[in-house]
$ cat data-v6.pdb   # PDB, C-alpha atoms
ATOM      1  CA  MET A 741      -7.082  15.113   6.835
ATOM      2  CA  LYS A 742      -5.225  16.802   4.015
ATOM      3  CA  ARG A 743      -1.524  17.463   4.123
ATOM      4  CA  ILE A 744      -0.940  21.217   4.391
ATOM      5  CA  LEU A 745       2.084  22.474   2.504
ATOM      6  CA  LYS A 746       4.055  25.521   3.520
ATOM      7  CA  ALA A 747       4.144  28.433   1.116
ATOM      8  CA  SER A 748       7.809  27.740   0.362
ATOM      9  CA  GLN A 749       7.009  24.136  -0.517
ATOM     10  CA  ILE A 750       4.186  25.224  -2.797
ATOM     11  CA  ALA A 751       6.489  27.646  -4.547
ATOM     12  CA  ILE A 752       9.103  24.950  -5.083
ATOM     13  CA  CYS A 753       6.496  22.524  -6.392
ATOM     14  CA  GLY A 754       5.063  25.100  -8.746
ATOM     15  CA  ALA A 755       8.433  26.102 -10.128
ATOM     16  CA  THR A 756       9.796  22.608 -10.620
ATOM     17  CA  LEU A 757       6.639  20.830 -11.764
ATOM     18  CA  LEU A 758       5.131  23.316 -14.196
ATOM     19  CA  ALA A 759       7.349  22.242 -17.074
ATOM     20  CA  ALA A 760       6.382  18.607 -16.670
ATOM     21  CA  SER A 761       2.653  19.398 -16.737
ATOM     22  CA  THR A 762       2.941  21.094 -20.118
ATOM     23  CA  THR A 763       4.474  18.030 -21.783
ATOM     24  CA  LEU A 764       1.899  15.405 -20.813
ATOM     25  CA  ALA A 765      -0.482  15.868 -23.744
ATOM     26  CA  GLY A 766      -2.625  12.992 -22.472
ATOM     27  CA  ASN A 767       0.252  10.483 -22.654
ATOM     28  CA  LEU A 768       0.812   9.183 -19.146
ATOM     29  CA  LYS A 769       3.265   6.683 -17.700
ATOM     30  CA  PHE A 770       1.740   4.479 -15.024
ATOM     31  CA  MET A 771       3.977   2.512 -12.620
ATOM     32  CA  SER A 772       2.508  -0.743 -11.332
ATOM     33  CA  GLY A 773       4.010  -3.971  -9.988
ATOM     34  CA  SER A 774       6.137  -6.912 -11.060
ATOM     35  CA  ALA A 775       4.957  -8.912 -14.067
ATOM     36  CA  GLY A 776       4.098 -11.898 -11.873
ATOM     37  CA  GLY A 777       2.328  -9.970  -9.127
ATOM     38  CA  SER A 778      -1.237  -8.739  -8.645
ATOM     39  CA  TRP A 779      -0.537  -5.053  -9.272
ATOM     40  CA  PHE A 780       0.554  -5.418 -12.892
ATOM     41  CA  PRO A 781      -2.716  -6.897 -14.243
ATOM     42  CA  MET A 782      -4.719  -4.500 -12.080
ATOM     43  CA  ALA A 783      -2.870  -1.569 -13.617
ATOM     44  CA  GLY A 784      -3.642  -2.993 -17.049
ATOM     45  CA  ALA A 785      -7.336  -3.136 -16.173
ATOM     46  CA  ILE A 786      -7.233   0.448 -14.887
ATOM     47  CA  GLN A 787      -5.485   1.510 -18.088
ATOM     48  CA  ALA A 788      -8.210  -0.143 -20.198
ATOM     49  CA  ALA A 789     -10.996   1.493 -18.182
ATOM     50  CA  ILE A 790      -9.466   4.954 -18.502
ATOM     51  CA  GLU A 791      -8.691   4.690 -22.202
ATOM     52  CA  LYS A 792     -12.158   3.269 -22.965
ATOM     53  CA  GLN A 793     -13.816   6.396 -21.582
ATOM     54  CA  ASN A 794     -11.150   8.880 -22.724
ATOM     55  CA  SER A 795      -9.913   8.446 -26.282
ATOM     56  CA  ASP A 796      -7.431  11.311 -25.867
ATOM     57  CA  ILE A 797      -5.648   9.762 -22.864
ATOM     58  CA  LYS A 798      -3.035   7.111 -23.596
ATOM     59  CA  ILE A 799      -1.329   5.226 -20.766
ATOM     60  CA  GLN A 800       1.858   3.187 -20.731
ATOM     61  CA  VAL A 801       2.010   0.667 -17.873
ATOM     62  CA  LEU A 802       5.468   0.158 -16.372
ATOM     63  CA  PRO A 803       6.654  -2.419 -13.798
ATOM     64  CA  GLY A 804       7.652  -1.386 -10.287
ATOM     65  CA  ASN A 805       6.784  -1.750  -6.613
ATOM     66  CA  SER A 806       5.385   0.564  -3.959
ATOM     67  CA  VAL A 807       8.667   2.326  -3.129
ATOM     68  CA  GLN A 808       9.836   2.506  -6.758
ATOM     69  CA  ASN A 809       6.450   3.786  -7.873
ATOM     70  CA  VAL A 810       6.300   6.583  -5.328
ATOM     71  CA  MET A 811       9.853   7.630  -6.128
ATOM     72  CA  GLY A 812       9.196   7.425  -9.859
ATOM     73  CA  VAL A 813       6.125   9.626  -9.627
ATOM     74  CA  ALA A 814       7.881  12.081  -7.307
ATOM     75  CA  LYS A 815      10.845  12.364  -9.692
ATOM     76  CA  GLY A 816       8.667  12.781 -12.783
ATOM     77  CA  LYS A 817       9.575   9.446 -14.360
ATOM     78  CA  ALA A 818       5.850   8.631 -14.358
ATOM     79  CA  GLN A 819       2.668  10.604 -13.854
ATOM     80  CA  MET A 820       0.680   7.866 -12.072
ATOM     81  CA  GLY A 821       1.403   4.877  -9.894
ATOM     82  CA  LEU A 822       0.032   2.247  -7.552
ATOM     83  CA  ALA A 823       1.312   2.551  -3.997
ATOM     84  CA  ASN A 824       0.577   1.763  -0.401
ATOM     85  CA  SER A 825      -0.590   4.875   1.410
ATOM     86  CA  VAL A 826       2.018   4.500   4.164
ATOM     87  CA  THR A 827       4.756   4.495   1.526
ATOM     88  CA  THR A 828       3.407   7.729   0.092
ATOM     89  CA  VAL A 829       3.325   9.272   3.573
ATOM     90  CA  ASP A 830       6.903   8.113   4.185
ATOM     91  CA  ALA A 831       8.010   9.794   0.955
ATOM     92  CA  LEU A 832       6.364  13.102   1.831
ATOM     93  CA  ASN A 833       8.090  13.069   5.210
ATOM     94  CA  GLY A 834      11.470  11.652   4.204
ATOM     95  CA  LYS A 835      11.127   8.522   6.341
ATOM     96  CA  GLY A 836      11.463   4.790   5.840
ATOM     97  CA  SER A 837      12.952   4.066   2.429
ATOM     98  CA  PHE A 838      13.219   7.761   1.538
ATOM     99  CA  LYS A 839      16.311   9.732   2.499
ATOM    100  CA  LYS A 840      14.642  13.110   2.001
ATOM    101  CA  ALA A 841      11.127  14.467   1.805
ATOM    102  CA  GLU A 842       9.607  14.276  -1.668
ATOM    103  CA  THR A 843       6.994  16.639  -3.101
ATOM    104  CA  GLY A 844       4.352  16.663  -5.799
ATOM    105  CA  LEU A 845       2.556  13.456  -4.738
ATOM    106  CA  CYS A 846      -1.239  13.461  -4.686
ATOM    107  CA  HIS A 847      -3.836  10.859  -3.733
ATOM    108  CA  VAL A 848      -6.353   9.869  -6.427
ATOM    109  CA  ALA A 849      -8.295   6.778  -5.304
ATOM    110  CA  ASN A 850      -8.268   4.118  -2.606
ATOM    111  CA  LEU A 851      -8.459   0.636  -4.110
ATOM    112  CA  TYR A 852      -8.407  -1.919  -1.290
ATOM    113  CA  PRO A 853      -7.104  -2.325   2.274
ATOM    114  CA  ASN A 854      -3.907  -4.132   3.211
ATOM    115  CA  TYR A 855      -3.473  -5.743   6.616
ATOM    116  CA  LEU A 856      -0.289  -6.323   8.591
ATOM    117  CA  GLN A 857      -0.245 -10.092   9.073
ATOM    118  CA  ILE A 858       2.489 -11.580  11.249
ATOM    119  CA  ILE A 859       2.079 -15.321  10.873
ATOM    120  CA  THR A 860       3.964 -17.727  13.096
ATOM    121  CA  THR A 861       4.140 -21.417  13.826
ATOM    122  CA  GLN A 862       5.429 -20.497  17.305
ATOM    123  CA  THR A 863       1.925 -20.782  18.722
ATOM    124  CA  ASP A 864       3.144 -20.188  22.293
ATOM    125  CA  ALA A 865       4.550 -16.756  21.332
ATOM    126  CA  SER A 866       2.448 -13.762  22.307
ATOM    127  CA  ASN A 867       3.987 -10.892  20.340
ATOM    128  CA  PHE A 868       6.594  -9.975  17.733
ATOM    129  CA  GLY A 869       9.323  -9.657  20.353
ATOM    130  CA  ASP A 870       8.965 -13.335  21.202
ATOM    131  CA  LEU A 871      10.312 -14.218  17.739
ATOM    132  CA  LYS A 872      13.829 -13.213  18.758
ATOM    133  CA  GLY A 873      16.271 -16.005  17.932
ATOM    134  CA  THR A 874      14.011 -17.593  15.312
ATOM    135  CA  SER A 875      13.967 -17.330  11.508
ATOM    136  CA  ILE A 876      11.486 -15.067   9.707
ATOM    137  CA  ALA A 877      10.549 -14.444   6.081
ATOM    138  CA  THR A 878       9.116 -11.432   4.303
ATOM    139  CA  LEU A 879       9.036  -9.919   0.818
ATOM    140  CA  LYS A 880      11.985  -8.509  -1.096
ATOM    141  CA  ALA A 881      13.765  -5.218  -0.394
ATOM    142  CA  GLY A 882      11.729  -2.308  -1.737
ATOM    143  CA  SER A 883       8.440  -3.887  -0.678
ATOM    144  CA  THR A 884       6.247  -2.374   1.999
ATOM    145  CA  SER A 885       6.394  -5.669   3.913
ATOM    146  CA  ARG A 886      10.184  -5.423   4.198
ATOM    147  CA  THR A 887       9.907  -1.816   5.387
ATOM    148  CA  VAL A 888       7.299  -2.787   7.990
ATOM    149  CA  LEU A 889       9.573  -5.564   9.274
ATOM    150  CA  ASP A 890      12.265  -2.941   9.902
ATOM    151  CA  THR A 891       9.690  -0.745  11.673
ATOM    152  CA  MET A 892       8.586  -3.614  13.916
ATOM    153  CA  MET A 893      12.194  -4.401  14.795
ATOM    154  CA  ASP A 894      12.764  -0.760  15.764
ATOM    155  CA  LEU A 895       9.657  -0.706  17.938
ATOM    156  CA  TYR A 896      10.737  -3.855  19.781
ATOM    157  CA  GLY A 897      14.374  -2.788  20.106
ATOM    158  CA  MET A 898      15.540  -5.552  17.793
ATOM    159  CA  ARG A 899      18.058  -5.734  14.964
ATOM    160  CA  ALA A 900      18.535  -8.174  12.084
ATOM    161  CA  LYS A 901      21.167 -10.043  14.098
ATOM    162  CA  ASP A 902      18.505 -10.839  16.706
ATOM    163  CA  PHE A 903      16.936 -13.237  14.223
ATOM    164  CA  LYS A 904      18.574 -16.512  13.321
ATOM    165  CA  LYS A 905      17.846 -15.600   9.707
ATOM    166  CA  ILE A 906      15.748 -13.146   7.683
ATOM    167  CA  SER A 907      14.704 -14.611   4.333
ATOM    168  CA  THR A 908      13.263 -12.441   1.571
ATOM    169  CA  GLY A 909      11.505 -13.467  -1.613
ATOM    170  CA  SER A 910       8.118 -13.676  -3.263
ATOM    171  CA  GLY A 911       4.872 -14.459  -1.491
ATOM    172  CA  SER A 912       5.073 -18.064  -2.696
ATOM    173  CA  ASP A 913       8.636 -18.249  -1.353
ATOM    174  CA  ASN A 914       7.300 -17.231   2.060
ATOM    175  CA  VAL A 915       4.683 -19.966   1.911
ATOM    176  CA  SER A 916       7.243 -22.627   1.011
ATOM    177  CA  LEU A 917       9.628 -21.567   3.767
ATOM    178  CA  VAL A 918       6.896 -21.740   6.412
ATOM    179  CA  LYS A 919       5.455 -25.025   5.117
ATOM    180  CA  ASP A 920       8.888 -26.673   5.022
ATOM    181  CA  GLY A 921       9.813 -25.403   8.492
ATOM    182  CA  HIS A 922      12.822 -23.408   7.261
ATOM    183  CA  VAL A 923      11.374 -20.303   8.952
ATOM    184  CA  GLN A 924       9.040 -20.059  11.905
ATOM    185  CA  SER A 925       7.301 -16.841  10.893
ATOM    186  CA  SER A 926       6.349 -14.648   7.969
ATOM    187  CA  LEU A 927       5.496 -10.944   7.935
ATOM    188  CA  LEU A 928       3.249  -9.971   5.046
ATOM    189  CA  VAL A 929       1.301  -6.790   4.370
ATOM    190  CA  THR A 930      -1.467  -7.899   2.070
ATOM    191  CA  ALA A 931      -5.216  -8.237   1.632
ATOM    192  CA  ALA A 932      -7.281 -10.457   3.909
ATOM    193  CA  PRO A 933      -8.139 -13.183   3.404
ATOM    194  CA  SER A 934      -4.849 -13.883   1.668
ATOM    195  CA  GLY A 935      -4.361 -17.066  -0.313
ATOM    196  CA  LEU A 936      -0.756 -17.094   0.882
ATOM    197  CA  VAL A 937      -1.727 -17.140   4.550
ATOM    198  CA  THR A 938      -4.498 -19.667   3.895
ATOM    199  CA  GLU A 939      -1.944 -22.012   2.329
ATOM    200  CA  MET A 940       0.327 -21.653   5.356
ATOM    201  CA  ALA A 941      -2.593 -22.362   7.685
ATOM    202  CA  THR A 942      -3.614 -25.526   5.837
ATOM    203  CA  SER A 943      -0.170 -27.064   6.224
ATOM    204  CA  ARG A 944       0.863 -25.831   9.683
ATOM    205  CA  ASP A 945      -0.735 -24.770  12.950
ATOM    206  CA  ILE A 946      -0.341 -21.000  12.941
ATOM    207  CA  LYS A 947      -1.327 -17.924  14.860
ATOM    208  CA  LEU A 948      -1.438 -14.270  13.880
ATOM    209  CA  PHE A 949      -0.253 -11.625  16.323
ATOM    210  CA  ASP A 950      -2.451  -8.797  17.508
ATOM    211  CA  ILE A 951      -0.928  -5.327  17.482
ATOM    212  CA  ASP A 952      -1.520  -3.861  20.932
ATOM    213  CA  ASP A 953      -2.650  -0.276  21.437
ATOM    214  CA  ALA A 954       0.741   0.934  22.665
ATOM    215  CA  THR A 955       2.529  -0.424  19.591
ATOM    216  CA  TYR A 956      -0.184   0.970  17.330
ATOM    217  CA  GLY A 957       0.257   4.405  18.875
ATOM    218  CA  LYS A 958       4.002   4.319  18.276
ATOM    219  CA  ILE A 959       3.506   3.240  14.667
ATOM    220  CA  GLN A 960       1.065   6.078  14.069
ATOM    221  CA  GLU A 961       3.608   8.542  15.432
ATOM    222  CA  PHE A 962       6.047   7.214  12.872
ATOM    223  CA  ASN A 963       3.549   7.145   9.997
ATOM    224  CA  SER A 964       0.061   8.649  10.168
ATOM    225  CA  GLY A 965      -1.092   6.540   7.212
ATOM    226  CA  TYR A 966      -1.694   3.491   9.415
ATOM    227  CA  GLY A 967      -5.136   2.719  10.795
ATOM    228  CA  ARG A 968      -6.772   0.065  12.961
ATOM    229  CA  MET A 969      -7.995  -3.018  11.096
ATOM    230  CA  ILE A 970      -9.645  -6.254  12.190
ATOM    231  CA  ILE A 971      -9.258  -9.665  10.577
ATOM    232  CA  PRO A 972     -12.432 -11.548  11.549
ATOM    233  CA  ALA A 973     -12.341 -14.857  13.384
ATOM    234  CA  ASP A 974     -12.188 -17.946  11.143
ATOM    235  CA  THR A 975     -10.725 -15.982   8.242
ATOM    236  CA  TYR A 976      -7.992 -18.638   8.195
ATOM    237  CA  PRO A 977      -8.124 -22.334   9.130
ATOM    238  CA  GLY A 978      -7.433 -22.794  12.830
ATOM    239  CA  VAL A 979      -7.447 -19.064  13.648
ATOM    240  CA  LYS A 980     -10.598 -18.971  15.766
ATOM    241  CA  GLU A 981     -10.369 -15.444  17.178
ATOM    242  CA  GLU A 982     -10.341 -12.079  15.462
ATOM    243  CA  VAL A 983      -6.960 -10.485  14.918
ATOM    244  CA  LYS A 984      -6.654  -6.856  15.986
ATOM    245  CA  THR A 985      -4.006  -5.531  13.649
ATOM    246  CA  ILE A 986      -3.196  -2.419  11.629
ATOM    247  CA  GLY A 987      -3.144  -1.601   7.962
ATOM    248  CA  PHE A 988      -3.572   0.948   5.230
ATOM    249  CA  MET A 989      -5.031   1.418   1.787
ATOM    250  CA  MET A 990      -3.428   0.486  -1.488
ATOM    251  CA  HIS A 991      -4.118   3.546  -3.576
ATOM    252  CA  LEU A 992      -3.693   5.234  -6.923
ATOM    253  CA  ILE A 993      -1.421   8.265  -6.848
ATOM    254  CA  ALA A 994      -0.558  10.926  -9.386
ATOM    255  CA  ARG A 995       1.738  13.873  -9.699
ATOM    256  CA  CYS A 996      -0.032  16.931  -8.370
ATOM    257  CA  ASP A 997       0.831  18.809 -11.565
ATOM    258  CA  VAL A 998      -1.133  16.506 -13.894
ATOM    259  CA  PRO A 999      -3.942  18.772 -15.196
ATOM    260  CA  GLU A1000      -7.073  18.801 -13.067
ATOM    261  CA  ASP A1001      -9.337  17.839 -15.960
ATOM    262  CA  GLU A1002      -7.281  14.751 -16.774
ATOM    263  CA  ILE A1003      -7.296  13.463 -13.196
ATOM    264  CA  TYR A1004     -11.016  14.270 -12.919
ATOM    265  CA  ARG A1005     -11.715  12.045 -15.927
ATOM    266  CA  ILE A1006      -9.268   9.367 -14.781
ATOM    267  CA  THR A1007     -10.902   9.255 -11.339
ATOM    268  CA  LYS A1008     -14.351   9.059 -12.899
ATOM    269  CA  ALA A1009     -13.319   6.130 -15.094
ATOM    270  CA  VAL A1010     -11.713   4.224 -12.213
ATOM    271  CA  VAL A1011     -14.686   4.692  -9.873
ATOM    272  CA  GLU A1012     -17.308   3.908 -12.499
ATOM    273  CA  ASN A1013     -15.477   0.734 -13.527
ATOM    274  CA  ALA A1014     -14.534  -0.488 -10.038
ATOM    275  CA  LYS A1015     -16.748  -3.571 -10.295
ATOM    276  CA  ASP A1016     -15.191  -4.511 -13.640
ATOM    277  CA  LEU A1017     -11.762  -4.096 -12.070
ATOM    278  CA  GLY A1018     -12.963  -6.604  -9.504
ATOM    279  CA  ALA A1019     -12.707  -9.279 -12.186
ATOM    280  CA  VAL A1020      -8.934  -8.806 -11.962
ATOM    281  CA  ASN A1021      -8.766  -8.274  -8.202
ATOM    282  CA  GLY A1022     -11.749  -9.565  -6.262
ATOM    283  CA  PHE A1023     -11.170  -7.176  -3.343
ATOM    284  CA  LEU A1024     -12.316  -4.321  -5.582
ATOM    285  CA  LEU A1025     -15.778  -5.890  -5.665
ATOM    286  CA  ARG A1026     -16.168  -4.725  -2.062
ATOM    287  CA  THR A1027     -15.238  -1.104  -2.632
ATOM    288  CA  THR A1028     -17.600   1.870  -2.860
ATOM    289  CA  PRO A1029     -17.217   5.446  -4.117
ATOM    290  CA  LYS A1030     -16.978   6.638  -0.505
ATOM    291  CA  ILE A1031     -14.154   4.205   0.254
ATOM    292  CA  MET A1032     -12.346   5.199  -2.926
ATOM    293  CA  GLY A1033     -12.794   8.909  -2.234
ATOM    294  CA  ALA A1034     -11.842   8.880   1.449
ATOM    295  CA  PRO A1035      -8.836  11.172   2.117
ATOM    296  CA  VAL A1036      -5.525   9.614   3.080
ATOM    297  CA  ASN A1037      -4.193  11.115   6.284
ATOM    298  CA  GLY A1038      -1.023  13.005   5.408
ATOM    299  CA  VAL A1039      -1.488  13.093   1.621
ATOM    300  CA  GLN A1040      -3.123  15.826  -0.448
ATOM    301  CA  THR A1041      -6.001  14.656  -2.650
ATOM    302  CA  HIS A1042      -5.502  15.756  -6.253
ATOM    303  CA  PRO A1043      -7.854  18.681  -7.067
ATOM    304  CA  GLY A1044      -9.250  16.788 -10.064
ATOM    305  CA  ALA A1045     -10.094  13.754  -7.949
ATOM    306  CA  GLU A1046     -11.526  15.926  -5.171
ATOM    307  CA  LYS A1047     -13.773  17.695  -7.681
ATOM    308  CA  TYR A1048     -15.192  14.390  -8.909
ATOM    309  CA  TYR A1049     -15.757  12.952  -5.428
ATOM    310  CA  LYS A1050     -17.526  16.109  -4.309
ATOM    311  CA  GLU A1051     -19.807  15.949  -7.340
ATOM    312  CA  ILE A1052     -20.937  12.421  -6.430
ATOM    313  CA  GLY A1053     -21.078  13.109  -2.672
ATOM    314  CA  ALA A1054     -18.158  10.827  -1.810
ATOM    315  CA  PHE A1055     -15.755  13.375  -0.311
TER     316      PHE A1055
END

$ encode --input "data-v6.pdb" --output "structure tokens"
Amino acid sequence: MKRILKASQIAICGATLLAASTTLAGNLKFMSGSAGGSWFPMAGAIQAAIEKQNSDIKIQVLPGNSVQNVMGVAKGKAQMGLANSVTTVDALNGKGSFKKAETGLCHVANLYPNYLQIITTQTDASNFGDLKGTSIATLKAGSTSRTVLDTMMDLYGMRAKDFKKISTGSGSDNVSLVKDGHVQSSLLVTAAPSGLVTEMATSRDIKLFDIDDATYGKIQEFNSGYGRMIIPADTYPGVKEEVKTIGFMMHLIARCDVPEDEIYRITKAVVENAKDLGAVNGFLLRTTPKIMGAPVNGVQTHPGAEKYYKEIGAF
């Protein structure tokens, strides 16, 4: 479902974004991830694929994270970015990490799904609320995982003080904290299977929480970008049953004012080189044009991307 803008919003977007679109001249800034993370090399591979097929388009890859990238694209500091779809939806609605609704954000391509994975060594616990009084780890402020932790606390009527401690750091930091017993749980929003979760499961007995239908419904009311996702049984050592969780797509976004022809050609290059991009991120080996072209609920698809997907029957 596409996000429908009011006439007043369209007028504002047109007036404020027109100037930016006339200065692009094929030189685009592309916000990615931290130098040590998985998004940065993936952005480099996307850059190479686009420039290989389009000699007149030059891309500069910049570091960032999901929240920074969405804000950077919305504010015109970059024309493209990698983001989690729920973060983009939050920005358009002024929720989560965004104090006011942003405009000018368009969906270009889905890359791979991310799953909410709440991992705990408290194997007798049945849901997130049972973690009250324990220590939990997640990723740093500005990450989608940290935002989702806040959302889960709100849904369960909890606050930071209800935990003995909330530790934040890198994915490897989370693994170390769980392995060493310094925290009893970790909340990560990442691909599945995740090497981080596998490492936790090989050193500790763990379980992953299901997200029940009532909680899922409340989360969807808060952010329509979430969808139902299943982690199959035996994905991780010792986790013998499927995990009924939620998740969203990691996607490529662009300013809506980037010329249609440029985004058409960018989309074409990304889709046609998806398998090559899989050499950098193996989850892209599983994608298809239809997955990449599927609309994101609550986010407008860029007209250039929509044109390409319609041409190949993937929209």

$ residues_around --input "data-v6.pdb" --residues "region 1004-1006 of chain A" --least-positions-apart "2" --cutoff "7 Å" --atoms "only C-alpha atoms" --output "PDB file with C-alpha atoms, in the frame of the given file"
ATOM      1  CA  ILE A 790      -9.466   4.954 -18.502  1.00  0.00           C
ATOM      2  CA  GLU A1000      -7.073  18.801 -13.067  1.00  0.00           C
ATOM      3  CA  ASP A1001      -9.337  17.839 -15.960  1.00  0.00           C
ATOM      4  CA  GLU A1002      -7.281  14.751 -16.774  1.00  0.00           C
ATOM      5  CA  LYS A1008     -14.351   9.059 -12.899  1.00  0.00           C
ATOM      6  CA  ALA A1009     -13.319   6.130 -15.094  1.00  0.00           C
ATOM      7  CA  VAL A1010     -11.713   4.224 -12.213  1.00  0.00           C
ATOM      8  CA  GLY A1044      -9.250  16.788 -10.064  1.00  0.00           C
ATOM      9  CA  ALA A1045     -10.094  13.754  -7.949  1.00  0.00           C
ATOM     10  CA  LYS A1047     -13.773  17.695  -7.681  1.00  0.00           C
ATOM     11  CA  TYR A1048     -15.192  14.390  -8.909  1.00  0.00           C
TER      12      TYR A1048
END

$ closest_residue --input "data-v6.pdb" --among "A:Ala941, A:Ile993, A:Ala881, A:Ile971" --to "Met811 (chain A)" --atoms "all atoms listed in the file"
A:Ile993

$ atom_distance --input "data-v6.pdb" --atom1 "CA of Leu917 (chain A)" --atom2 "CA of Thr874 (chain A)"
13.0 Å

$ residues_around --input "data-v6.pdb" --residues "region 842-847 of chain A" --least-positions-apart "3" --cutoff "9 Å" --atoms "only C-alpha atoms" --output "MDAnalysis selection string"
chainID A and resid 749 752:754 757 810:811 813:815 825 828 830:834 838 850 991:997 1035:1036 1039:1043 1045

$ residues_around --input "data-v6.pdb" --residues "Gly911 (chain A)" --least-positions-apart "5" --cutoff "9 Å" --atoms "all atoms listed in the file" --output "PyMOL selection string"
chain A and resi 878-879+916+928+936

$ write_last_selection --input "data-v6.pdb" --atoms "C-alpha atoms" --output "mmCIF file, in the frame of the given file"
data_model
loop_
_atom_site.group_PDB
_atom_site.id
_atom_site.type_symbol
_atom_site.label_atom_id
_atom_site.label_comp_id
_atom_site.auth_asym_id
_atom_site.auth_seq_id
_atom_site.Cartn_x
_atom_site.Cartn_y
_atom_site.Cartn_z
ATOM 1 C CA THR A 878 9.116 -11.432 4.303
ATOM 2 C CA LEU A 879 9.036 -9.919 0.818
ATOM 3 C CA SER A 916 7.243 -22.627 1.011
ATOM 4 C CA LEU A 928 3.249 -9.971 5.046
ATOM 5 C CA LEU A 936 -0.756 -17.094 0.882
#

$ closest_residue --input "data-v6.pdb" --among "A:Thr938, A:Ser943, A:Gln924, A:Gln808" --to "Gly773 (chain A)" --atoms "only C-alpha atoms"
A:Gln808

$ closest_residue --input "data-v6.pdb" --among "A:Lys1050, A:Arg1026, A:Lys901, A:Lys947" --to "Leu927 (chain A)" --atoms "only C-alpha atoms"
A:Lys947

$ closest_residue --input "data-v6.pdb" --among "A:Ala1034, A:Ala877, A:Lys984, A:Asp890" --to "Ser912 (chain A)" --atoms "all atoms listed in the file"
A:Ala877

$ closest_residue --input "data-v6.pdb" --among "A:Leu871, A:Ile797, A:Ile859, A:Ala1054" --to "Val918 (chain A)" --atoms "all atoms listed in the file"
A:Ile859
